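Following: one structure in structure tokens, then a few remarks.
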Amino acid sequence: MTDQNDDARHAAKMAKKKTARDKIMATKTDEKGLIVVHTGKGKGKSTAAFGMIFRCIAHGMPCAVVQFIKGGMSTGERDLILEKFSDACQFHTMGEGFTWETQDKSRDMEMAAAAWDKAKELIRDPANRMVLLDEINIALRYDYLDVAEVVSFLSEEKPPMTHVVLTGRNAKEELIEAADLVTEMELVKHPFRSGIKAQIGVEF
């Protein structure tokens, strides 16, 4: 009898929860192109963003990627998209590597400006339902790009149904304020601290 009572209580609780949830969901009817920010010190910012890109590809929604920092190093997501899905997703690697590797601020600024020009071109095209600006927050953090210009463009020129995803640590407050969805990845534990290097299939 105890198990039956527990089951009945659980069923009643879940039914009540479903009724409340359905009532809330009935009010959520609008659609819009979102500005999405993935930031924080934890891993998974680009990984989550590429998950969204692959969702778009699976739904037949044209999309595009602009990588602001990462250079010519082969990554699984880039190789897969270029080999299998280049008709659905444009992929542009515009950076030349992390700032501590390039050690050339003027060159980094030139590359960031070129990446932003490409990003604006892709975002302006209403055929692209999602555009991922991978590691743009790094370029903004070092003032390679003007955050006010980026926010103004996203607010004023982004087509109404286009989603734009921006990744990287230390997202600026102006961008966070302008975004519709912001997720901060929190670092709890990292194998790098135990002497384990970045590994294929996990980091790239």
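Chain labels follow the order of the structure tokens: the first chain is A, the next B, and so on; residue numbering restarts at 1 in every chain, and ligands are counted from 1 in their shown order.
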
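Here the strand (DSSP E or B) residues in region 49-184 of chain A, by DSSP on the backbone, are Cys63, Ala64, Val65, Val66, Gln67, Cys89, Gln90, Phe91, His92, Thr93, Met130, Val131, Leu132, Leu133, Asp134, His163, Val164, Val165, Leu166, Thr167, Leu181, Val182, Thr183 and Glu184 of chain A.
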
I need the chosen residues saved as a compact mmCIF listing (two decimals), in the first residue's frame, with N, CA and C atoms.
# COMPACT_ATOMS: atom_id res chain seq x y z
N CYS A 63 23.19 28.30 -42.18
CA CYS A 63 23.87 28.93 -41.07
C CYS A 63 25.32 29.21 -41.45
N ALA A 64 26.05 29.86 -40.56
CA ALA A 64 27.43 30.23 -40.87
C ALA A 64 28.23 30.36 -39.59
N VAL A 65 29.55 30.18 -39.73
CA VAL A 65 30.48 30.29 -38.60
C VAL A 65 31.61 31.22 -39.01
N VAL A 66 31.95 32.15 -38.11
CA VAL A 66 33.16 32.96 -38.26
C VAL A 66 33.99 32.75 -37.00
N GLN A 67 35.22 32.26 -37.18
CA GLN A 67 36.11 32.07 -36.03
C GLN A 67 37.08 33.25 -35.96
N CYS A 89 26.25 25.18 -44.28
CA CYS A 89 26.92 26.04 -43.30
C CYS A 89 28.21 26.60 -43.89
N GLN A 90 28.27 27.90 -44.04
CA GLN A 90 29.51 28.55 -44.45
C GLN A 90 30.45 28.61 -43.25
N PHE A 91 31.73 28.35 -43.48
CA PHE A 91 32.70 28.30 -42.37
C PHE A 91 33.90 29.16 -42.73
N HIS A 92 34.19 30.16 -41.89
CA HIS A 92 35.28 31.09 -42.15
C HIS A 92 36.19 31.17 -40.92
N THR A 93 37.40 30.65 -41.05
CA THR A 93 38.39 30.78 -39.99
C THR A 93 39.23 32.01 -40.30
N MET A 130 21.21 31.29 -38.56
CA MET A 130 22.08 31.42 -37.38
C MET A 130 23.49 31.71 -37.85
N VAL A 131 24.16 32.63 -37.14
CA VAL A 131 25.56 32.92 -37.40
C VAL A 131 26.30 32.84 -36.06
N LEU A 132 27.31 32.00 -36.03
CA LEU A 132 28.15 31.81 -34.84
C LEU A 132 29.41 32.65 -34.98
N LEU A 133 29.64 33.53 -34.01
CA LEU A 133 30.85 34.34 -33.95
C LEU A 133 31.73 33.76 -32.84
N ASP A 134 32.54 32.80 -33.22
CA ASP A 134 33.30 32.02 -32.25
C ASP A 134 34.50 32.81 -31.74
N HIS A 163 19.41 34.31 -35.68
CA HIS A 163 20.06 34.11 -34.39
C HIS A 163 21.56 34.36 -34.54
N VAL A 164 22.14 35.06 -33.58
CA VAL A 164 23.59 35.28 -33.57
C VAL A 164 24.12 34.79 -32.23
N VAL A 165 25.12 33.91 -32.29
CA VAL A 165 25.72 33.33 -31.09
C VAL A 165 27.15 33.84 -30.98
N LEU A 166 27.49 34.38 -29.81
CA LEU A 166 28.81 34.96 -29.57
C LEU A 166 29.47 34.23 -28.41
N THR A 167 30.69 33.72 -28.62
CA THR A 167 31.34 32.93 -27.59
C THR A 167 32.64 33.58 -27.13
N LEU A 181 19.86 35.84 -24.44
CA LEU A 181 20.19 34.62 -23.70
C LEU A 181 21.68 34.64 -23.38
N VAL A 182 22.02 34.55 -22.12
CA VAL A 182 23.42 34.56 -21.69
C VAL A 182 23.65 33.35 -20.78
N THR A 183 24.66 32.56 -21.11
CA THR A 183 25.03 31.43 -20.28
C THR A 183 26.49 31.58 -19.89
N GLU A 184 26.76 31.47 -18.59
CA GLU A 184 28.13 31.54 -18.10
C GLU A 184 28.58 30.14 -17.69

Hey, what's within 9 Å of Met161 (chain A) if we count only C-alpha atoms and toss same-chain stuff fewer than 4 positions away? As a PyMOL selection string, please?
-> chain A and resi 31-34+126+129-130

Judged by only C-alpha atoms, the minimum distance to Glu203 (chain A) among A:Met73, A:Ala139, A:Ala26, A:Ala15 is found for A:Met73
